[in-house]
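Next up, query-v1.cif (mmCIF, C-alpha atoms):
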data_entry
loop_
_atom_site.label_atom_id
_atom_site.label_comp_id
_atom_site.auth_asym_id
_atom_site.auth_seq_id
_atom_site.Cartn_x
_atom_site.Cartn_y
_atom_site.Cartn_z
CA MET T 1 32.28 21.27 -17.31
CA THR T 2 35.53 20.62 -15.48
CA GLU T 3 35.88 17.35 -13.57
CA LEU T 4 35.24 19.22 -10.32
CA ASN T 5 32.13 20.84 -11.73
CA THR T 6 30.95 17.47 -13.06
CA ALA T 7 31.33 16.00 -9.57
CA GLU T 8 29.40 18.92 -8.05
CA HIS T 9 26.70 18.66 -10.73
CA THR T 10 26.24 14.90 -10.17
CA GLN T 11 26.23 15.35 -6.39
CA ALA T 12 23.51 18.01 -6.69
CA LEU T 13 21.45 15.72 -8.92
CA GLY T 14 21.74 12.97 -6.29
CA GLN T 15 20.63 15.23 -3.45
CA GLN T 16 17.67 16.56 -5.45
CA ALA T 17 16.63 13.07 -6.56
CA LYS T 18 16.71 11.74 -3.00
CA LYS T 19 14.47 14.58 -1.83
CA ALA T 20 12.10 14.13 -4.78
CA SER T 21 11.88 10.37 -4.22
CA ALA T 22 10.18 10.89 -0.84
CA LEU T 23 7.48 13.01 -2.52
CA MET T 24 7.08 10.52 -5.40
CA ALA T 25 6.68 7.60 -2.99
CA LYS T 26 3.56 9.16 -1.46
CA ALA T 27 2.07 10.60 -4.65
CA SER T 28 -1.42 9.34 -5.49
CA ALA T 29 -2.13 7.14 -8.49
CA ASP T 30 -4.32 9.87 -10.02
CA VAL T 31 -1.52 12.44 -9.89
CA LYS T 32 1.05 10.08 -11.40
CA ASN T 33 -1.37 9.05 -14.15
CA LYS T 34 -2.14 12.70 -14.89
CA ALA T 35 1.58 13.31 -15.47
CA LEU T 36 1.84 10.29 -17.79
CA ARG T 37 -1.16 11.28 -19.90
CA HIS T 38 0.11 14.86 -20.19
CA LEU T 39 3.54 13.55 -21.23
CA ALA T 40 1.88 11.50 -23.99
CA ALA T 41 0.10 14.62 -25.24
CA LEU T 42 3.32 16.66 -25.14
CA LEU T 43 5.17 14.02 -27.19
CA ARG T 44 2.52 14.15 -29.89
CA ASP T 45 2.30 17.94 -29.88
CA ASN T 46 6.07 18.32 -30.15
CA THR T 47 6.88 15.56 -32.66
CA GLN T 48 8.23 17.95 -35.30
CA ALA T 49 10.36 19.94 -32.85
CA LEU T 50 11.75 16.75 -31.35
CA GLN T 51 12.74 15.50 -34.80
CA GLU T 52 14.59 18.76 -35.44
CA ASP T 53 16.61 18.28 -32.24
CA ASN T 54 17.18 14.65 -33.18
CA ALA T 55 18.37 15.65 -36.66
CA ARG T 56 21.26 17.60 -35.12
CA ASP T 57 22.32 14.50 -33.22
CA LEU T 58 22.05 12.37 -36.37
CA VAL T 59 24.20 14.74 -38.43
CA ARG T 60 26.87 14.82 -35.73
CA ALA T 61 26.76 11.02 -35.40
CA GLN T 62 27.10 10.52 -39.17
CA ASP T 63 30.06 12.90 -39.26
CA ALA T 64 31.63 10.88 -36.42
CA GLY T 65 31.28 7.69 -38.47
CA LEU T 66 28.65 5.95 -36.32
CA SER T 67 27.60 2.61 -37.83
CA GLU T 68 24.24 2.19 -39.58
CA PRO T 69 22.69 0.03 -36.80
CA MET T 70 23.73 2.65 -34.21
CA LEU T 71 22.30 5.46 -36.34
CA ASP T 72 19.07 3.48 -36.57
CA ARG T 73 18.94 3.30 -32.76
CA LEU T 74 19.45 7.05 -32.57
CA LYS T 75 16.49 8.02 -34.78
CA LEU T 76 13.37 9.57 -33.22
CA SER T 77 10.88 8.83 -35.99
CA PRO T 78 7.19 9.75 -35.62
CA LYS T 79 6.53 6.01 -35.14
CA VAL T 80 9.06 5.80 -32.28
CA LEU T 81 7.57 8.88 -30.60
CA GLU T 82 4.03 7.55 -31.01
CA THR T 83 5.12 4.26 -29.40
CA CYS T 84 6.55 6.29 -26.49
CA ALA T 85 3.26 8.20 -26.15
CA GLN T 86 1.24 4.98 -26.24
CA GLY T 87 3.58 3.50 -23.61
CA CYS T 88 2.82 6.43 -21.29
CA GLU T 89 -0.91 5.94 -21.81
CA GLN T 90 -0.63 2.19 -21.29
CA LEU T 91 1.15 2.81 -17.99
CA ALA T 92 -1.47 5.35 -16.92
CA ALA T 93 -4.21 2.78 -17.58
CA MET T 94 -2.52 0.12 -15.46
CA PRO T 95 -3.38 -0.42 -11.77
CA ASP T 96 -1.05 1.26 -9.29
CA MET T 97 0.75 -1.48 -7.40
CA ILE T 98 2.50 0.86 -4.94
CA GLY T 99 1.16 0.21 -1.44
CA GLU T 100 -0.33 -3.12 -2.47
CA ILE T 101 -0.13 -5.70 0.35
CA LEU T 102 0.62 -9.29 -0.63
CA GLY T 103 0.31 -12.61 1.17
CA MET T 104 -1.19 -11.37 4.43
CA LYS T 105 -1.53 -14.33 6.80
CA GLN T 106 -2.43 -14.89 10.42
CA MET T 107 0.30 -16.36 12.63
CA PRO T 108 -0.20 -18.54 15.74
CA SER T 109 0.90 -15.61 17.91
CA GLY T 110 -2.04 -13.54 16.69
CA ILE T 111 -0.06 -11.12 14.51
CA ARG T 112 -0.75 -10.81 10.78
CA VAL T 113 2.26 -10.70 8.44
CA GLY T 114 2.37 -9.63 4.80
CA GLN T 115 4.49 -7.69 2.32
CA MET T 116 3.90 -4.22 0.91
CA ARG T 117 5.15 -3.17 -2.52
CA VAL T 118 7.13 0.08 -2.32
CA PRO T 119 9.31 2.12 -4.71
CA ILE T 120 13.04 1.38 -4.79
CA GLY T 121 13.77 5.09 -4.27
CA VAL T 122 16.28 6.53 -6.76
CA PHE T 123 17.63 4.72 -9.79
CA GLY T 124 20.36 5.84 -12.11
CA MET T 125 19.92 5.00 -15.79
CA ILE T 126 22.99 5.03 -18.03
CA PHE T 127 22.27 4.39 -21.68
CA GLU T 128 23.64 4.80 -25.19
CA SER T 129 22.14 5.80 -28.52
CA ARG T 130 18.39 5.29 -28.05
CA PRO T 131 16.89 8.64 -26.93
CA ASN T 132 13.46 7.01 -26.52
CA VAL T 133 14.93 5.38 -23.39
CA THR T 134 14.61 8.83 -21.78
CA ILE T 135 10.82 8.53 -22.04
CA GLU T 136 10.68 4.84 -21.15
CA ALA T 137 12.78 5.39 -18.02
CA ALA T 138 10.95 8.57 -17.02
CA SER T 139 7.46 7.12 -17.49
CA LEU T 140 8.27 3.97 -15.53
CA SER T 141 9.89 6.05 -12.82
CA ILE T 142 6.75 8.19 -12.49
CA LYS T 143 4.36 5.22 -12.43
CA SER T 144 6.46 3.31 -9.88
CA GLY T 145 6.81 6.33 -7.57
CA ASN T 146 10.58 6.56 -7.92
CA ALA T 147 12.97 9.36 -8.80
CA CYS T 148 15.59 8.81 -11.49
CA ILE T 149 18.80 10.32 -12.82
CA LEU T 150 19.32 9.74 -16.53
CA ARG T 151 22.66 9.82 -18.29
CA GLY T 152 22.36 9.28 -22.04
CA GLY T 153 25.13 8.98 -24.59
CA SER T 154 26.85 12.05 -25.98
CA GLU T 155 25.60 11.13 -29.47
CA ALA T 156 21.97 11.78 -28.36
CA ILE T 157 22.48 14.80 -26.08
CA GLU T 158 20.20 17.23 -27.99
CA SER T 159 17.39 14.68 -28.26
CA ASN T 160 17.67 13.68 -24.61
CA LYS T 161 17.62 17.29 -23.40
CA ALA T 162 14.49 18.02 -25.44
CA LEU T 163 12.71 14.91 -24.18
CA ALA T 164 13.72 15.50 -20.54
CA LYS T 165 12.35 19.04 -20.78
CA LEU T 166 8.93 17.64 -21.78
CA VAL T 167 9.05 15.17 -18.89
CA GLN T 168 9.66 17.97 -16.42
CA GLN T 169 6.80 19.97 -17.93
CA ALA T 170 4.49 16.99 -17.37
CA LEU T 171 5.69 16.61 -13.77
CA SER T 172 5.15 20.30 -13.07
CA TYR T 173 1.70 20.22 -14.71
CA SER T 174 0.57 17.45 -12.37
CA GLY T 175 2.07 18.94 -9.22
CA LEU T 176 4.95 16.49 -8.89
CA PRO T 177 8.55 17.62 -8.23
CA THR T 178 10.43 18.31 -11.47
CA GLU T 179 13.58 16.88 -9.83
CA ALA T 180 11.90 13.43 -9.89
CA VAL T 181 13.37 12.97 -13.38
CA GLN T 182 16.72 14.64 -14.04
CA LEU T 183 19.07 14.39 -16.99
CA VAL T 184 22.82 14.67 -16.52
CA GLN T 185 23.50 17.77 -18.61
CA THR T 186 27.15 17.04 -19.35
CA THR T 187 28.68 14.52 -21.76
CA ASP T 188 31.75 14.27 -19.52
CA ARG T 189 32.36 10.56 -18.91
CA ALA T 190 33.37 11.35 -15.33
CA ALA T 191 29.66 11.84 -14.57
CA VAL T 192 29.09 8.10 -15.03
CA GLY T 193 31.83 7.29 -12.52
CA GLN T 194 30.21 9.69 -10.05
CA LEU T 195 26.69 8.39 -10.53
CA ILE T 196 27.55 4.73 -9.92
CA THR T 197 29.48 5.46 -6.72
CA MET T 198 26.86 7.43 -4.76
CA PRO T 199 25.06 4.83 -2.60
CA GLN T 200 23.93 7.62 -0.28
CA TYR T 201 21.66 8.90 -3.08
CA VAL T 202 21.30 6.16 -5.70
CA ASP T 203 19.67 2.82 -4.80
CA VAL T 204 20.25 0.93 -8.07
CA VAL T 205 21.95 1.58 -11.42
CA ILE T 206 20.61 0.28 -14.73
CA PRO T 207 23.06 0.38 -17.65
CA ARG T 208 21.63 -0.04 -21.15
CA GLY T 209 24.08 -0.09 -24.01
CA GLY T 210 27.11 -1.89 -25.36
CA LYS T 211 28.89 -4.72 -23.62
CA GLY T 212 31.88 -2.49 -22.78
CA LEU T 213 29.69 0.05 -20.96
CA ILE T 214 27.89 -2.60 -18.94
CA GLU T 215 31.08 -4.46 -18.01
CA ARG T 216 32.66 -1.19 -16.84
CA ILE T 217 29.66 -0.26 -14.71
CA SER T 218 29.36 -3.75 -13.23
CA ALA T 219 33.04 -3.64 -12.24
CA GLU T 220 33.11 -0.10 -10.81
CA ALA T 221 29.64 0.44 -9.29
CA LYS T 222 29.22 0.77 -5.53
CA VAL T 223 25.45 0.34 -5.82
CA PRO T 224 23.47 -2.69 -7.10
CA VAL T 225 23.31 -3.07 -10.91
CA ILE T 226 20.45 -4.50 -13.02
CA LYS T 227 22.07 -5.54 -16.28
CA HIS T 228 22.34 -7.59 -19.41
CA LEU T 229 25.62 -7.72 -21.26
CA ASP T 230 24.41 -8.65 -24.73
CA GLY T 231 21.56 -10.20 -26.68
CA ASN T 232 22.74 -13.38 -28.41
CA CYS T 233 19.24 -14.73 -29.08
CA HIS T 234 18.34 -17.93 -30.92
CA THR T 235 15.51 -19.37 -32.95
CA TYR T 236 15.38 -23.18 -33.04
CA VAL T 237 13.37 -24.86 -35.81
CA ASP T 238 12.26 -28.25 -34.49
CA ASP T 239 11.25 -31.49 -36.17
CA PRO T 240 8.28 -31.54 -36.63
CA CYS T 241 7.31 -27.93 -37.35
CA ASP T 242 4.88 -25.94 -39.46
CA MET T 243 7.28 -25.07 -42.28
CA ALA T 244 5.55 -21.87 -43.39
CA MET T 245 5.40 -20.67 -39.78
CA ALA T 246 9.06 -21.51 -39.22
CA VAL T 247 10.13 -19.51 -42.27
CA LYS T 248 7.97 -16.54 -41.27
CA VAL T 249 9.18 -16.53 -37.64
CA ALA T 250 12.88 -17.04 -38.44
CA ASP T 251 12.75 -14.27 -41.05
CA ASN T 252 11.05 -11.79 -38.69
CA ALA T 253 13.29 -12.66 -35.74
CA LYS T 254 16.38 -11.72 -37.77
CA THR T 255 15.37 -9.15 -40.36
CA GLN T 256 12.47 -7.09 -38.95
CA LYS T 257 15.17 -4.90 -37.41
CA TYR T 258 18.86 -5.71 -37.07
CA SER T 259 19.91 -3.42 -34.23
CA PRO T 260 17.78 -4.48 -31.22
CA CYS T 261 19.05 -6.84 -28.55
CA ASN T 262 16.09 -9.19 -29.12
CA ALA T 263 16.86 -9.91 -32.79
CA SER T 264 17.87 -13.54 -33.34
CA GLU T 265 21.61 -13.88 -33.99
CA GLY T 266 21.64 -17.69 -34.17
CA LEU T 267 19.43 -20.09 -36.13
CA LEU T 268 19.39 -23.75 -35.09
CA VAL T 269 17.66 -26.27 -37.35
CA ALA T 270 16.79 -29.89 -36.57
CA ARG T 271 18.44 -32.32 -39.01
CA GLY T 272 15.08 -33.84 -39.97
CA VAL T 273 13.72 -30.58 -41.45
CA ALA T 274 16.99 -28.92 -42.54
CA ALA T 275 16.82 -29.98 -46.20
CA ALA T 276 13.31 -28.58 -46.59
CA PHE T 277 13.63 -25.49 -44.37
CA LEU T 278 17.08 -24.06 -45.04
CA PRO T 279 16.67 -23.38 -48.80
CA GLN T 280 13.47 -21.41 -48.06
CA ILE T 281 14.90 -19.25 -45.28
CA GLY T 282 18.21 -18.99 -47.13
CA ALA T 283 16.49 -17.49 -50.17
CA LEU T 284 14.81 -14.86 -47.98
CA TYR T 285 18.06 -14.00 -46.20
CA ALA T 286 19.93 -13.83 -49.51
CA ALA T 287 17.33 -11.45 -50.96
CA LYS T 288 17.77 -9.18 -47.94
CA GLY T 289 21.57 -9.26 -47.99
CA VAL T 290 21.97 -11.28 -44.80
CA GLU T 291 25.36 -12.96 -44.44
CA MET T 292 25.05 -16.57 -43.23
CA ARG T 293 27.85 -18.06 -41.11
CA CYS T 294 27.25 -21.77 -41.24
CA CYS T 295 28.30 -25.14 -39.90
CA SER T 296 29.38 -27.58 -42.63
CA LYS T 297 25.96 -29.29 -42.84
CA ALA T 298 24.07 -26.01 -43.15
CA LYS T 299 26.53 -24.68 -45.71
CA ALA T 300 26.15 -27.79 -47.89
CA ILE T 301 22.37 -27.33 -48.03
CA LEU T 302 22.45 -23.53 -48.44
CA SER T 303 25.01 -23.68 -51.28
CA GLN T 304 22.08 -24.39 -53.65
CA VAL T 305 20.54 -20.97 -52.87
CA ASN T 306 21.24 -18.39 -55.57
CA GLY T 307 23.06 -15.32 -54.28
CA ALA T 308 23.55 -16.70 -50.78
CA ASN T 309 26.44 -15.04 -48.92
CA LEU T 310 27.86 -18.04 -47.03
CA LYS T 311 30.84 -18.22 -44.71
CA ASP T 312 32.19 -20.94 -42.44
CA ALA T 313 31.19 -20.31 -38.83
CA THR T 314 33.96 -20.07 -36.27
CA GLU T 315 33.61 -20.99 -32.60
CA GLN T 316 33.27 -17.27 -31.82
CA ASP T 317 30.29 -16.96 -34.17
CA TRP T 318 28.16 -19.11 -31.88
CA PHE T 319 28.73 -16.55 -29.08
CA GLN T 320 28.35 -13.43 -31.26
CA GLU T 321 25.77 -10.64 -31.02
CA TYR T 322 26.03 -9.13 -34.51
CA LEU T 323 23.45 -6.30 -34.43
CA ALA T 324 23.81 -6.44 -38.21
CA PRO T 325 22.54 -8.44 -41.23
CA ILE T 326 24.59 -11.50 -40.20
CA ILE T 327 23.32 -14.74 -38.66
CA SER T 328 24.97 -17.97 -37.53
CA ILE T 329 23.28 -21.18 -38.69
CA LYS T 330 23.79 -24.68 -37.31
CA VAL T 331 22.13 -28.00 -38.03
CA VAL T 332 21.52 -29.96 -34.81
CA GLU T 333 20.32 -33.52 -34.23
CA GLY T 334 17.23 -32.41 -32.32
CA ILE T 335 15.90 -30.62 -29.29
CA GLU T 336 18.45 -31.98 -26.81
CA GLN T 337 21.39 -30.66 -28.82
CA ALA T 338 19.55 -27.37 -29.48
CA ILE T 339 18.97 -26.77 -25.75
CA ALA T 340 22.58 -27.65 -24.93
CA HIS T 341 23.86 -25.25 -27.63
CA ILE T 342 21.63 -22.41 -26.42
CA ASN T 343 22.51 -22.84 -22.75
CA HIS T 344 26.22 -22.89 -23.59
CA TYR T 345 26.48 -20.11 -26.19
CA SER T 346 23.52 -17.77 -25.63
CA SER T 347 23.54 -14.65 -23.45
CA HIS T 348 20.39 -15.93 -21.66
CA HIS T 349 18.31 -13.09 -23.08
CA THR T 350 15.61 -14.56 -25.37
CA ASP T 351 15.37 -17.87 -27.19
CA ALA T 352 12.52 -19.39 -29.23
CA ILE T 353 11.42 -22.77 -30.57
CA VAL T 354 9.19 -23.34 -33.59
CA THR T 355 7.58 -26.76 -33.20
CA ARG T 356 4.43 -28.86 -33.55
CA ASP T 357 5.50 -31.18 -30.74
CA HIS T 358 3.84 -30.15 -27.46
CA MET T 359 6.26 -32.16 -25.32
CA ASN T 360 9.27 -30.55 -27.05
CA ALA T 361 7.75 -27.11 -26.52
CA GLN T 362 7.28 -27.81 -22.81
CA ARG T 363 10.80 -29.17 -22.51
CA PHE T 364 12.24 -26.09 -24.22
CA LEU T 365 10.33 -23.79 -21.85
CA ARG T 366 11.55 -25.68 -18.78
CA GLU T 367 15.17 -26.29 -19.73
CA VAL T 368 16.33 -23.21 -21.65
CA ASP T 369 17.95 -20.93 -19.07
CA SER T 370 17.00 -17.54 -20.50
CA ALA T 371 15.08 -14.50 -19.28
CA SER T 372 12.41 -14.95 -21.99
CA VAL T 373 11.63 -18.30 -23.63
CA MET T 374 9.15 -18.47 -26.52
CA VAL T 375 7.18 -21.02 -28.52
CA ASN T 376 6.14 -20.48 -32.14
CA THR T 377 6.78 -16.75 -32.23
CA SER T 378 9.52 -14.21 -32.92
CA THR T 379 12.20 -13.27 -30.40
CA ARG T 380 11.49 -9.66 -31.41
CA PHE T 381 8.52 -9.72 -29.00
CA ALA T 382 10.87 -9.69 -25.97
CA ASP T 383 10.02 -6.12 -25.10
CA GLY T 384 8.27 -4.40 -22.21
CA PHE T 385 5.74 -2.66 -24.47
CA GLU T 386 4.90 -5.90 -26.30
CA PHE T 387 4.63 -7.77 -22.96
CA GLY T 388 2.06 -5.23 -21.74
CA LEU T 389 4.37 -3.58 -19.21
CA GLY T 390 3.72 -0.14 -20.72
CA ALA T 391 7.43 0.38 -21.27
CA GLU T 392 10.66 -1.17 -20.13
CA ILE T 393 13.67 0.18 -18.35
CA GLY T 394 15.80 -2.52 -19.95
CA ILE T 395 16.04 -6.29 -20.13
CA SER T 396 17.73 -8.07 -17.26
CA THR T 397 19.58 -11.35 -17.67
CA ASP T 398 20.35 -11.38 -13.95
CA LYS T 399 18.48 -13.92 -11.84
CA PHE T 400 17.91 -11.88 -8.70
CA HIS T 401 15.19 -9.25 -8.18
CA ALA T 402 14.34 -8.61 -11.84
CA ARG T 403 14.65 -10.86 -14.90
CA GLY T 404 13.55 -10.22 -18.48
CA PRO T 405 11.94 -6.90 -19.48
CA VAL T 406 12.01 -4.67 -16.40
CA GLY T 407 8.77 -2.74 -15.93
CA ILE T 408 7.05 -1.25 -12.89
CA GLU T 409 7.44 -4.35 -10.73
CA GLY T 410 11.20 -4.46 -11.37
CA LEU T 411 11.49 -0.91 -10.02
CA THR T 412 9.83 -1.81 -6.73
CA SER T 413 10.81 -3.65 -3.60
CA LEU T 414 8.84 -5.46 -0.90
CA LYS T 415 8.88 -4.67 2.79
CA TYR T 416 7.28 -6.76 5.50
CA VAL T 417 4.30 -5.25 7.29
CA VAL T 418 3.07 -6.70 10.57
CA LEU T 419 -0.37 -5.95 12.06
CA GLY T 420 -1.13 -6.68 15.68
CA ASP T 421 -3.53 -5.98 18.50
CA GLY T 422 -1.26 -5.79 21.50
CA GLU T 423 0.42 -9.18 21.05
CA ILE T 424 3.79 -9.65 22.77
CA ARG T 425 6.39 -12.32 22.19
CA THR T 426 6.78 -14.87 25.01
#
In structure tokens, how does this file's structure come out?
Amino acid sequence: MTELNTAEHTQALGQQAKKASALMAKASADVKNKALRHLAALLRDNTQALQEDNARDLVRAQDAGLSEPMLDRLKLSPKVLETCAQGCEQLAAMPDMIGEILGMKQMPSGIRVGQMRVPIGVFGMIFESRPNVTIEAASLSIKSGNACILRGGSEAIESNKALAKLVQQALSYSGLPTEAVQLVQTTDRAAVGQLITMPQYVDVVIPRGGKGLIERISAEAKVPVIKHLDGNCHTYVDDPCDMAMAVKVADNAKTQKYSPCNASEGLLVARGVAAAFLPQIGALYAAKGVEMRCCSKAKAILSQVNGANLKDATEQDWFQEYLAPIISIKVVEGIEQAIAHINHYSSHHTDAIVTRDHMNAQRFLREVDSASVMVNTSTRFADGFEFGLGAEIGISTDKFHARGPVGIEGLTSLKYVVLGDGEIRT
């Protein structure tokens, strides 16, 4: 498409989405759930065909020199597609919160005042690599009674088109407008600039991708943005802790998958347990080829581990989201220094403590300023599906409106409703 055609295409998507959003807002729960269950069935029935479309994207991405973690994000494996299908079913099984009235109370004047949960309207979703985001965004949009415009990365265009086609089949099957979920059909980058500057059609934009993409959208958007820039997550091993648990959690948080934003990039270890803990986790990381960027105290202890790939940590390492088999490791005096380190260096995404001290656990939960804070479990659980939200549109590190994994509630707003019986203000 030419730039002019891209502008016309995006404008048409906006107009259609706005019209569809009015129909979605009044759709019944049964109709929306019917669409979600049919979408789950379509994903299962078309797994092989979807993988064939995905394979074309993967070949093109490999030829373009895309990194291994990015290729991993691009894959539509049967497991990924089954998770998407289960997410749709989980959403369908959840209560419909649209139209719910909260906090109704009687005022001295006689009127009753409460708040009603309503859809936001139209959201634009701009994302890179992960084609499963097409289904997560679409399913949440359907359940929350919104319309959405999706713009995936050029590296996943074939996969996204195939998935969006199934979504529109599910919408049509249930009697909902197919324009409720639309995919930008061009890879022209100008489409992003158009989408984020159409407040007459788009109510909020949600970018999901690299830091550069999100910074650009935050700077240029003329509509509100729900965002997180990066996922510099930490696991802190406290003194005292269950050593076996600490090793298991720290290993999973880093190595279960390297590419997600909820993988731990920093490991903090209390001085009192460092000598016992670090050789154990170091041996596991060494066996899996994880590079360890260490403070001097951590390096001295880890130097006894055979095959350990050790480097001196720089100041930048404490800030770094690696998305790779690399982790920063620092020995701290205790919980106070761990909290201070996390609040200074983390991206306020997800941080975890492994401890047997109840008071330290409570202090960590209260004082760590992150969207998700965890005790005795892996940061890898910071996910809408794992939190029981059905799916997530992204993870927000903002503090207003939505924070943490953004599910149905994050795609809604509240409006005041007032019920009277002829009262007038005097």
Inset, instruction - On this file, the PyMOL selection byres ((chain T and resi 64-79) around 12) gives some set of residues; write that set as a ChimeraX atom specification. - result: /T:43-63,80-86,127-135,152-160,162-163,209-210,257-261,322-325
Legend entry - Nearest residue to Ile142 in chain T from the set T:Ile111, T:Val332, T:Leu411, T:Val225 (distances using only C-alpha atoms):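 Selected residue with least distance to Ile142 in chain T: T:Leu411.
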Inset, instruction - Report the distance between CA of Val354 in chain T and CA of Val269 in chain T in Å, rounded to one decimal place. - result: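 Interatomic distance here is 9.7 Å.
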Legend entry - Result set, the PyMOL selection byres ((chain T and resi 200) around 12) on current file, as JSON, numbers by chain: {"T": [11, 14, 15, 17, 18, 19, 121, 122, 123, 194, 195, 196, 197, 198, 199, 201, 202, 203, 204, 222, 223]}
Inset, instruction - Enumerate, as a VMD selection string, the residues matched when the PyMOL selection byres ((chain T and resi 34) around 12) is run on the file above. - result: chain T and resid 27 to 33 35 to 41 88 to 89 91 to 93 139 142 to 143 169 to 176
Inset, instruction - Record the distance separating CA of Ile395 in chain T and CA of Arg380 in chain T, expressed in Å with one decimal. - result: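 CA of Arg380 in chain T lies 12.6 Å from CA of Ile395 in chain T.
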Inset, instruction - Between T:Val375, T:Leu13, T:Leu284, T:Val247, single out the one closest to Val181 in chain T, counting only C-alpha atoms. - result: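 Checking each candidate against Val181 in chain T, we get T:Leu13 as the closest.
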Inset, instruction - May I have the residues within 9 Å of Val118 in chain T as number ranges by chain, using all atoms listed in the file and disregarding those fewer than 4 positions away in the same chain? - result: T: 25, 97-100, 144-145, 411-415
Written record: range 214-231 of chain T, N, CA and C atoms, as a CSV table (one decimal), in the first residue's frame:
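Final output, result.csv:
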chain,number,residue,atom,x,y,z
T,214,ILE,N,7.6,0.7,22.3
T,214,ILE,CA,6.7,1.3,23.3
T,214,ILE,C,7.1,2.8,23.6
T,215,GLU,N,8.4,3.1,23.6
T,215,GLU,CA,8.8,4.5,23.8
T,215,GLU,C,8.3,5.3,22.7
T,216,ARG,N,8.4,4.8,21.4
T,216,ARG,CA,7.9,5.6,20.3
T,216,ARG,C,6.4,5.9,20.4
T,217,ILE,N,5.6,4.9,20.8
T,217,ILE,CA,4.2,5.0,20.8
T,217,ILE,C,3.8,6.0,22.0
T,218,SER,N,4.5,5.8,23.1
T,218,SER,CA,4.2,6.7,24.3
T,218,SER,C,4.5,8.1,23.9
T,219,ALA,N,5.5,8.4,23.1
T,219,ALA,CA,5.9,9.8,22.7
T,219,ALA,C,4.9,10.3,21.7
T,220,GLU,N,4.4,9.5,20.8
T,220,GLU,CA,3.7,10.1,19.6
T,220,GLU,C,2.2,9.9,19.7
T,221,ALA,N,1.7,9.1,20.6
T,221,ALA,CA,0.2,8.8,20.7
T,221,ALA,C,-0.6,10.0,21.1
T,222,LYS,N,-1.7,10.2,20.5
T,222,LYS,CA,-2.7,11.2,20.9
T,222,LYS,C,-3.9,10.6,21.6
T,223,VAL,N,-3.8,9.3,22.0
T,223,VAL,CA,-4.8,8.7,22.8
T,223,VAL,C,-4.0,8.1,24.0
T,224,PRO,N,-4.8,7.7,25.1
T,224,PRO,CA,-4.1,7.1,26.2
T,224,PRO,C,-3.4,5.8,25.9
T,225,VAL,N,-2.3,5.5,26.6
T,225,VAL,CA,-1.5,4.3,26.3
T,225,VAL,C,-1.4,3.5,27.6
T,226,ILE,N,-1.7,2.2,27.5
T,226,ILE,CA,-1.4,1.3,28.6
T,226,ILE,C,-0.1,0.5,28.2
T,227,LYS,N,0.9,0.6,29.1
T,227,LYS,CA,2.2,0.2,28.6
T,227,LYS,C,3.1,-0.5,29.7
T,228,HIS,N,4.0,-1.2,29.3
T,228,HIS,CA,5.2,-1.5,30.1
T,228,HIS,C,6.4,-1.5,29.2
T,229,LEU,N,7.5,-0.9,29.6
T,229,LEU,CA,8.6,-0.7,28.7
T,229,LEU,C,9.5,-2.0,28.7
T,230,ASP,N,9.7,-2.6,29.8
T,230,ASP,CA,10.5,-3.8,29.8
T,230,ASP,C,10.3,-4.6,31.0
T,231,GLY,N,10.8,-5.8,31.1
T,231,GLY,CA,10.6,-6.7,32.2
T,231,GLY,C,11.9,-7.1,32.9
